[in-house]
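Written out below as structure tokens is the structure these notes cover.
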Amino acid sequence: MSVPIVRSVAQLRQIVAAWRREGVRIAVVPTMGVLHEGHLSLVRAALVKADRVIVTLFVNPKQFNSQTDLAAYPSTEDEDAAKLAPLGAHLLYAPDAEEMYPAAFATTVSVSGVSEGLCGAFRPGHFDGVATVVSKLFLQTSADFGFFGEKDFQQLQLVRRMARDLDIPITIIPCPTVREADGLALSSRNVRLSPAERAVAPELPSVLLETAERLARGSPVLPTLAEARAAILAAGYREVEYLELRDETDLRPMTSLDRPARLLVAAWLGGTRLIDNVRISRVSPD
């Protein structure tokens with residue numbers, strides 16, 4: 001059994017139109033390939049919710065800050081299709097750059113507010129690229145549901161806001177971060193870690209969870225975050241780009257835990273940038 005692969009918008013819309021005549025519900029799982037268990041968990045969740053599931057595979061040039069990084073991004077379509085087939089995904093949509101961005105393409109979707117700070121501060125233009133391609137994928141697939149992992153929490157909130165603001169009739173379904181047995185969040189970047197770095201990597205989620213517990217029990221925010229930064233560096237990470245407490249809904253910075261929040265981090269281990277986040281709510285005193 002193999003998953004059908006479609007490469008053009010016209011063919012995709014023809015298939016979707018036939019599905020619509022059957023009255024089925026459609027889900028989309030956007031990816032850039034190099035699929036791992038985190039992606040596959042999204043596909044499984046989509047198959048429970050919808051009658052038809054489209055997985056997209058498009059390495060989006062507009063969200064890369066470096067042409068070198070874009071050129072180095074692996075192409076794994078055959079391997080990805082093989083991973084999807086036993087799950088029962090109904091379609092793999094894999095357009096090329098010319099199909100997604102035809103000649104004279106001149107539109108950019110930009111979402112302010114939730115895109116500012118955090119990864120947005122260190123990756124200029126990245127979230128404009130994400131918003132542009134995801135809006136196109138939503139419109140091309142006409143999906144009822146879009147599935148996104150919570151590991152890229154800023155991206156998740158950006159996609160939610162973009163769909164709402166542009167009146168795109170799709171429900172965004174967040175899915176929990178999938179982790180290795182030692183707590184490290186699954187990411188295609190993990191394969192870049194050397195054995196020594198991989199041994200150190202779980203210290204990031206460990207510090208994150210410990211810090212979240214301290215904040216939930218009333219530890220002062222700024223000193224606690226400063227201590228957590230120091231602990232991450234002491235564990236062997238070479239740089240902490242950010243470690244911040246943000247409002248879970250609009251990602252506004254918080255200096256006290258007076259509403260549901262996310263603790264978000266990005267840190268460099270050797271030449272690999274890792275991100276993670278956890279949810280925090282204040283623990284009521286006994």
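Ordering of the structure tokens sets the chain letters (A, B, ...), residue numbers begin anew at 1 in every chain, and ligands are numbered from 1 in the order given.
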Can you list, as a ChimeraX atom specification, every protein, DNA or RNA residue that comes within 8 Å of A:Val29 when you count only C-alpha atoms, leaving out same-chain residues fewer than 2 positions away?
/A:27,31,42-43,46,53-56,146-148
At a cut-off of 10 Å, using only C-alpha atoms, what residues contact A:Val130? Leave out same-chain residues fewer than 3 positions from it and give the result as a list in words.
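Skipping anything fewer than 3 positions along the chain leaves Asn60, Pro61, Lys62, Gln63, Phe64, Thr108, Val109, Ser110, Val111, Gly125, His126, Phe127, Val133, Val134, Ser135, Lys136, Gln155, Leu158 and Val159 of chain A.
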Using the chain letters and numbers from this document, which residues of stretch 19-259 of chain A does DSSP assign to strand (DSSP E or B), as a PyMOL selection string?
chain A and resi 26-31+52-57+91-93+145-149+171-175+179+185+239-247+253
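If you measure from each of A:Arg21, A:Arg13, A:Arg229, A:His90 to A:Asp51 using only C-alpha atoms, the closest one turns out to be A:His90.
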Near A:Arg246, counting only C-alpha atoms, which residues have an atom at most 6 Å away, once you skip same-chain residues fewer than 4 positions from it, shown as number ranges by chain?
A: 251-254, 261-262
Report the distance between atom CA of A:Ala81 and atom CA of A:Ser2 in Å, rounded to one decimal place.
7.3 Å
Could you please determine the separation between atom CA of A:Arg25 and atom CA of A:Arg52 in Å, to one decimal place?
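Straight-line distance from atom CA of A:Arg25 to atom CA of A:Arg52 works out to 6.4 Å.
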For A:Leu12, find every residue with an atom within 9 Å (counting only C-alpha atoms), except residues of its own chain fewer than 6 positions away, and show them as a tab-separated table (two decimals) with all heavy atoms, in the first residue's frame.
chain	number	residue	atom	x	y	z
A	6	VAL	N	0.45	13.99	-4.97
A	6	VAL	CA	-0.05	15.01	-5.89
A	6	VAL	C	0.89	16.19	-5.85
A	6	VAL	O	1.38	16.58	-4.77
A	6	VAL	CB	-1.48	15.45	-5.48
A	6	VAL	CG1	-1.92	16.66	-6.26
A	6	VAL	CG2	-2.45	14.30	-5.68
A	93	TYR	N	0.62	15.76	-0.51
A	93	TYR	CA	0.68	16.90	-1.44
A	93	TYR	C	2.09	17.46	-1.38
A	93	TYR	O	2.53	17.97	-0.33
A	93	TYR	CB	-0.35	17.95	-1.03
A	93	TYR	CG	-0.30	19.22	-1.84
A	93	TYR	CD1	-0.24	19.20	-3.23
A	93	TYR	CD2	-0.34	20.48	-1.20
A	93	TYR	CE1	-0.20	20.37	-3.96
A	93	TYR	CE2	-0.31	21.65	-1.93
A	93	TYR	CZ	-0.25	21.59	-3.31
A	93	TYR	OH	-0.20	22.76	-4.02
A	140	GLN	N	-5.54	25.95	-0.52
A	140	GLN	CA	-5.40	24.93	-1.57
A	140	GLN	C	-6.09	23.63	-1.20
A	140	GLN	O	-6.68	22.96	-2.05
A	140	GLN	CB	-3.91	24.68	-1.84
A	140	GLN	CG	-3.21	25.83	-2.53
A	140	GLN	CD	-1.70	25.68	-2.54
A	140	GLN	OE1	-1.14	24.78	-1.93
A	140	GLN	NE2	-1.02	26.58	-3.24
A	141	THR	N	-6.02	23.25	0.09
A	141	THR	CA	-6.61	21.98	0.51
A	141	THR	C	-8.07	22.10	0.92
A	141	THR	O	-8.78	21.09	0.98
A	141	THR	CB	-5.84	21.39	1.70
A	141	THR	OG1	-5.91	22.31	2.82
A	141	THR	CG2	-4.37	21.14	1.34
Show me, as a VMD selection string, the residues that have an atom within 9 Å of A:Pro169 when counting only C-alpha atoms, minus same-chain residues fewer than 2 positions from it.
chain A and resid 138 142 to 145 163 to 164 166 to 167 171
Let's have the selection written as a compact mmCIF listing (two decimals), in the first residue's frame, with all heavy atoms.
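So part-v6.txt came out as:
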# COMPACT_ATOMS: atom_id res chain seq x y z
N PHE A 138 -3.85 26.06 3.44
CA PHE A 138 -5.24 26.01 3.90
C PHE A 138 -6.21 26.24 2.74
O PHE A 138 -7.22 25.54 2.61
CB PHE A 138 -5.48 27.05 4.99
CG PHE A 138 -4.88 26.71 6.33
CD1 PHE A 138 -4.90 27.64 7.35
CD2 PHE A 138 -4.31 25.47 6.58
CE1 PHE A 138 -4.37 27.35 8.60
CE2 PHE A 138 -3.77 25.17 7.82
CZ PHE A 138 -3.80 26.12 8.83
N SER A 142 -8.53 23.32 1.23
CA SER A 142 -9.90 23.54 1.73
C SER A 142 -10.20 22.65 2.94
O SER A 142 -11.33 22.18 3.12
CB SER A 142 -10.94 23.29 0.63
OG SER A 142 -10.76 24.17 -0.46
N ALA A 143 -9.20 22.42 3.77
CA ALA A 143 -9.37 21.50 4.89
C ALA A 143 -10.28 22.08 5.97
O ALA A 143 -10.35 23.30 6.18
CB ALA A 143 -8.00 21.16 5.49
N ASP A 144 -10.96 21.18 6.67
CA ASP A 144 -11.79 21.57 7.81
C ASP A 144 -10.96 21.71 9.07
O ASP A 144 -11.30 22.48 9.97
CB ASP A 144 -12.87 20.51 8.04
CG ASP A 144 -13.78 20.33 6.84
OD1 ASP A 144 -14.57 21.23 6.57
OD2 ASP A 144 -13.66 19.28 6.17
N PHE A 145 -9.86 20.92 9.16
CA PHE A 145 -9.02 20.90 10.35
C PHE A 145 -7.55 20.98 9.95
O PHE A 145 -7.14 20.38 8.96
CB PHE A 145 -9.24 19.60 11.15
CG PHE A 145 -10.68 19.28 11.45
CD1 PHE A 145 -11.34 18.30 10.73
CD2 PHE A 145 -11.37 19.96 12.44
CE1 PHE A 145 -12.67 18.00 10.99
CE2 PHE A 145 -12.69 19.67 12.72
CZ PHE A 145 -13.34 18.69 11.99
N ALA A 163 -5.44 32.39 10.68
CA ALA A 163 -6.68 31.80 10.17
C ALA A 163 -7.90 32.58 10.65
O ALA A 163 -8.85 32.80 9.89
CB ALA A 163 -6.78 30.34 10.60
N ARG A 164 -7.86 33.01 11.91
CA ARG A 164 -8.98 33.79 12.44
C ARG A 164 -9.10 35.14 11.76
O ARG A 164 -10.19 35.55 11.33
CB ARG A 164 -8.80 33.99 13.95
CG ARG A 164 -10.01 34.63 14.64
CD ARG A 164 -9.66 35.14 16.01
NE ARG A 164 -8.85 36.37 15.93
CZ ARG A 164 -8.41 37.04 16.99
NH1 ARG A 164 -8.66 36.59 18.20
NH2 ARG A 164 -7.71 38.14 16.84
N LEU A 166 -8.03 36.16 8.87
CA LEU A 166 -8.34 36.10 7.43
C LEU A 166 -9.64 35.35 7.15
O LEU A 166 -9.99 35.13 5.99
CB LEU A 166 -7.19 35.44 6.67
CG LEU A 166 -5.84 36.18 6.71
CD1 LEU A 166 -4.81 35.45 5.86
CD2 LEU A 166 -5.99 37.62 6.24
N ASP A 167 -10.37 34.97 8.21
CA ASP A 167 -11.65 34.27 8.04
C ASP A 167 -11.52 33.00 7.21
O ASP A 167 -12.40 32.67 6.40
CB ASP A 167 -12.71 35.20 7.42
CG ASP A 167 -12.97 36.42 8.27
OD1 ASP A 167 -13.13 36.27 9.49
OD2 ASP A 167 -13.01 37.54 7.72
N THR A 171 -10.50 24.76 11.52
CA THR A 171 -10.29 24.64 12.96
C THR A 171 -8.88 24.12 13.20
O THR A 171 -8.50 23.07 12.65
CB THR A 171 -11.31 23.65 13.58
OG1 THR A 171 -12.63 24.16 13.34
CG2 THR A 171 -11.08 23.51 15.08
Ranking A:Ala226, A:Ala212, A:Val221, A:Ile232 by minimum distance to A:Ile280 and counting only C-alpha atoms, which one comes first?
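For A:Ile280, the nearest of the candidates is A:Ala212.
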Need to verify the contact set: A:Glu37, 12 Å, only C-alpha atoms, exclusion of same-chain residues closer than 2 positions in sequence. Can you return it as a short mmCIF file (atom, residue, chain, number, x, y, z; two decimals) with all heavy atoms, in the first residue's frame?
data_model
loop_
_atom_site.label_atom_id
_atom_site.label_comp_id
_atom_site.auth_asym_id
_atom_site.auth_seq_id
_atom_site.Cartn_x
_atom_site.Cartn_y
_atom_site.Cartn_z
N GLY A 33 8.70 17.70 5.63
CA GLY A 33 9.36 16.42 5.44
C GLY A 33 10.25 16.06 6.60
O GLY A 33 10.14 16.60 7.70
N VAL A 34 11.16 15.10 6.36
CA VAL A 34 12.01 14.52 7.40
C VAL A 34 11.11 14.08 8.56
O VAL A 34 11.32 14.45 9.72
CB VAL A 34 13.11 15.49 7.87
CG1 VAL A 34 14.22 14.74 8.60
CG2 VAL A 34 13.72 16.27 6.71
N LEU A 35 10.11 13.30 8.25
CA LEU A 35 9.07 12.97 9.22
C LEU A 35 9.61 12.10 10.35
O LEU A 35 10.38 11.17 10.12
CB LEU A 35 7.91 12.24 8.53
CG LEU A 35 7.21 13.00 7.40
CD1 LEU A 35 6.00 12.19 6.93
CD2 LEU A 35 6.79 14.40 7.83
N HIS A 39 5.59 14.09 13.89
CA HIS A 39 4.72 14.31 12.72
C HIS A 39 3.68 13.20 12.61
O HIS A 39 2.50 13.46 12.34
CB HIS A 39 5.54 14.33 11.43
CG HIS A 39 6.56 15.42 11.35
ND1 HIS A 39 7.91 15.17 11.42
CD2 HIS A 39 6.44 16.76 11.21
CE1 HIS A 39 8.58 16.30 11.30
NE2 HIS A 39 7.71 17.29 11.18
N LEU A 40 4.14 11.97 12.80
CA LEU A 40 3.23 10.84 12.62
C LEU A 40 2.12 10.85 13.66
O LEU A 40 0.99 10.43 13.38
CB LEU A 40 4.01 9.52 12.68
CG LEU A 40 5.12 9.37 11.63
CD1 LEU A 40 5.78 8.00 11.75
CD2 LEU A 40 4.61 9.61 10.22
N SER A 41 2.41 11.38 14.85
CA SER A 41 1.36 11.49 15.87
C SER A 41 0.28 12.47 15.42
O SER A 41 -0.90 12.29 15.73
CB SER A 41 1.96 11.91 17.21
OG SER A 41 2.37 13.27 17.20
N LEU A 42 0.68 13.52 14.70
CA LEU A 42 -0.30 14.46 14.16
C LEU A 42 -1.19 13.78 13.12
O LEU A 42 -2.40 14.01 13.07
CB LEU A 42 0.41 15.65 13.52
CG LEU A 42 1.30 16.51 14.40
CD1 LEU A 42 1.93 17.64 13.58
CD2 LEU A 42 0.53 17.09 15.57
N VAL A 43 -0.58 12.94 12.29
CA VAL A 43 -1.34 12.23 11.26
C VAL A 43 -2.35 11.29 11.91
O VAL A 43 -3.51 11.21 11.51
CB VAL A 43 -0.40 11.47 10.31
CG1 VAL A 43 -1.21 10.67 9.29
CG2 VAL A 43 0.54 12.45 9.59
N ARG A 44 -1.90 10.57 12.94
CA ARG A 44 -2.82 9.66 13.64
C ARG A 44 -3.99 10.42 14.25
O ARG A 44 -5.14 9.97 14.19
CB ARG A 44 -2.07 8.88 14.72
CG ARG A 44 -1.02 7.91 14.17
CD ARG A 44 -0.48 7.03 15.29
NE ARG A 44 0.70 6.29 14.83
CZ ARG A 44 1.95 6.65 15.05
NH1 ARG A 44 2.21 7.75 15.75
NH2 ARG A 44 2.95 5.93 14.60
N ASP A 80 9.54 9.52 3.62
CA ASP A 80 8.35 10.07 4.27
C ASP A 80 7.09 9.37 3.78
O ASP A 80 6.19 9.04 4.56
CB ASP A 80 8.26 11.57 4.02
CG ASP A 80 9.38 12.34 4.68
OD1 ASP A 80 9.96 11.82 5.65
OD2 ASP A 80 9.68 13.47 4.23
N LYS A 83 6.69 6.07 5.41
CA LYS A 83 6.23 6.16 6.80
C LYS A 83 4.72 6.44 6.87
O LYS A 83 4.04 5.99 7.80
CB LYS A 83 6.99 7.25 7.53
CG LYS A 83 8.46 6.94 7.76
CD LYS A 83 9.19 8.12 8.38
CE LYS A 83 10.67 7.83 8.56
NZ LYS A 83 11.41 9.00 9.10
N LEU A 84 4.21 7.18 5.90
CA LEU A 84 2.80 7.55 5.92
C LEU A 84 1.89 6.41 5.47
O LEU A 84 0.75 6.30 5.94
CB LEU A 84 2.57 8.76 5.01
CG LEU A 84 3.18 10.08 5.48
CD1 LEU A 84 3.06 11.14 4.38
CD2 LEU A 84 2.51 10.57 6.75
N LEU A 87 0.00 4.17 7.93
CA LEU A 87 -0.92 4.90 8.81
C LEU A 87 -2.29 5.07 8.18
O LEU A 87 -3.28 5.25 8.87
CB LEU A 87 -0.34 6.28 9.17
CG LEU A 87 0.99 6.31 9.91
CD1 LEU A 87 1.34 7.75 10.28
CD2 LEU A 87 0.95 5.45 11.15
N GLY A 149 1.74 20.69 16.05
CA GLY A 149 2.30 20.30 17.33
C GLY A 149 2.54 21.50 18.23
O GLY A 149 2.83 22.60 17.75
N THR A 177 3.35 17.94 22.56
CA THR A 177 4.73 17.66 22.16
C THR A 177 5.05 16.20 22.42
O THR A 177 4.76 15.66 23.49
CB THR A 177 5.70 18.55 22.95
OG1 THR A 177 5.39 19.92 22.68
CG2 THR A 177 7.15 18.27 22.57
N VAL A 178 5.65 15.55 21.42
CA VAL A 178 6.09 14.17 21.58
C VAL A 178 7.56 14.18 21.99
O VAL A 178 8.37 14.90 21.40
CB VAL A 178 5.90 13.38 20.27
CG1 VAL A 178 6.40 11.95 20.43
CG2 VAL A 178 4.42 13.38 19.88
N ARG A 179 7.90 13.37 22.99
CA ARG A 179 9.24 13.40 23.56
C ARG A 179 9.90 12.02 23.51
O ARG A 179 9.22 10.99 23.50
CB ARG A 179 9.19 13.91 25.01
CG ARG A 179 8.64 15.32 25.13
CD ARG A 179 8.64 15.83 26.57
NE ARG A 179 8.10 17.18 26.63
CZ ARG A 179 8.81 18.28 26.40
NH1 ARG A 179 10.10 18.16 26.11
NH2 ARG A 179 8.25 19.47 26.46
N GLU A 180 11.23 12.06 23.50
CA GLU A 180 11.99 10.83 23.68
C GLU A 180 11.82 10.35 25.13
O GLU A 180 11.30 11.07 25.98
CB GLU A 180 13.47 11.10 23.42
CG GLU A 180 13.78 11.60 22.02
CD GLU A 180 13.84 10.49 20.98
OE1 GLU A 180 13.48 9.34 21.32
OE2 GLU A 180 14.23 10.77 19.84
N ALA A 185 12.37 16.84 23.40
CA ALA A 185 11.31 16.99 22.41
C ALA A 185 11.78 16.49 21.05
O ALA A 185 12.90 16.80 20.61
CB ALA A 185 10.88 18.45 22.31
N LEU A 186 10.96 15.71 20.38
CA LEU A 186 11.32 15.20 19.06
C LEU A 186 11.45 16.36 18.08
O LEU A 186 10.62 17.27 18.05
CB LEU A 186 10.27 14.22 18.55
CG LEU A 186 10.24 12.85 19.20
CD1 LEU A 186 9.18 11.98 18.53
CD2 LEU A 186 11.60 12.17 19.11
N SER A 187 12.48 16.32 17.27
CA SER A 187 12.73 17.34 16.27
C SER A 187 13.63 16.76 15.19
O SER A 187 14.51 15.93 15.49
CB SER A 187 13.41 18.57 16.90
OG SER A 187 13.87 19.47 15.90
N SER A 188 13.43 17.19 13.96
CA SER A 188 14.32 16.75 12.89
C SER A 188 15.74 17.25 13.13
O SER A 188 16.71 16.69 12.60
CB SER A 188 13.81 17.27 11.53
OG SER A 188 13.67 18.67 11.54
#
Rows by chain and residue number, stretch 46-144 of chain A within 10 Å of stretch 264-279 of chain A, shortest pair, only C-alpha atoms, as JSON lines:
{"residue": "A:Leu118", "atom": "CA", "partner": "A:Leu264", "partner_atom": "CA", "distance": 8.0}
{"residue": "A:Cys119", "atom": "CA", "partner": "A:Ala266", "partner_atom": "CA", "distance": 7.7}
{"residue": "A:Phe122", "atom": "CA", "partner": "A:Ala266", "partner_atom": "CA", "distance": 9.9}
Give the helix (DSSP H, G or I) residues of stretch 20-248 of chain A, as DSSP finds them on the backbone, and put them as a ChimeraX atom specification.
/A:20-22,37-49,61-63,67-72,77-87,97-100,119-122,126-141,153-165,188-192,195-200,203-216,221-235
Counting only C-alpha atoms, what is within 10 Å of A:Tyr73, bar same-chain residues fewer than 2 positions away, as a list in words?
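So, after excluding close chain neighbours, the residues are Met32, Gly33, Val34, Val59, Gln67, Thr68, Asp69, Leu70, Ala71, Ser75 and Thr76 of chain A.
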With distances taken over only C-alpha atoms, which of A:Pro124, A:Leu204, A:Ala17, A:Leu91 is nearest to A:Glu239?
A:Leu204
Quick one: distance from atom CA of A:Glu244 to atom CA of A:Leu263 in Å, one decimal?
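Those two atoms sit 5.7 Å apart.
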Closest of A:Met162, A:Met100, A:Val3, A:Ala201 to A:Asp128 - atom-to-atom distances counting only C-alpha atoms:
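Once distances to A:Asp128 are computed over only C-alpha atoms, the minimum belongs to A:Met162.
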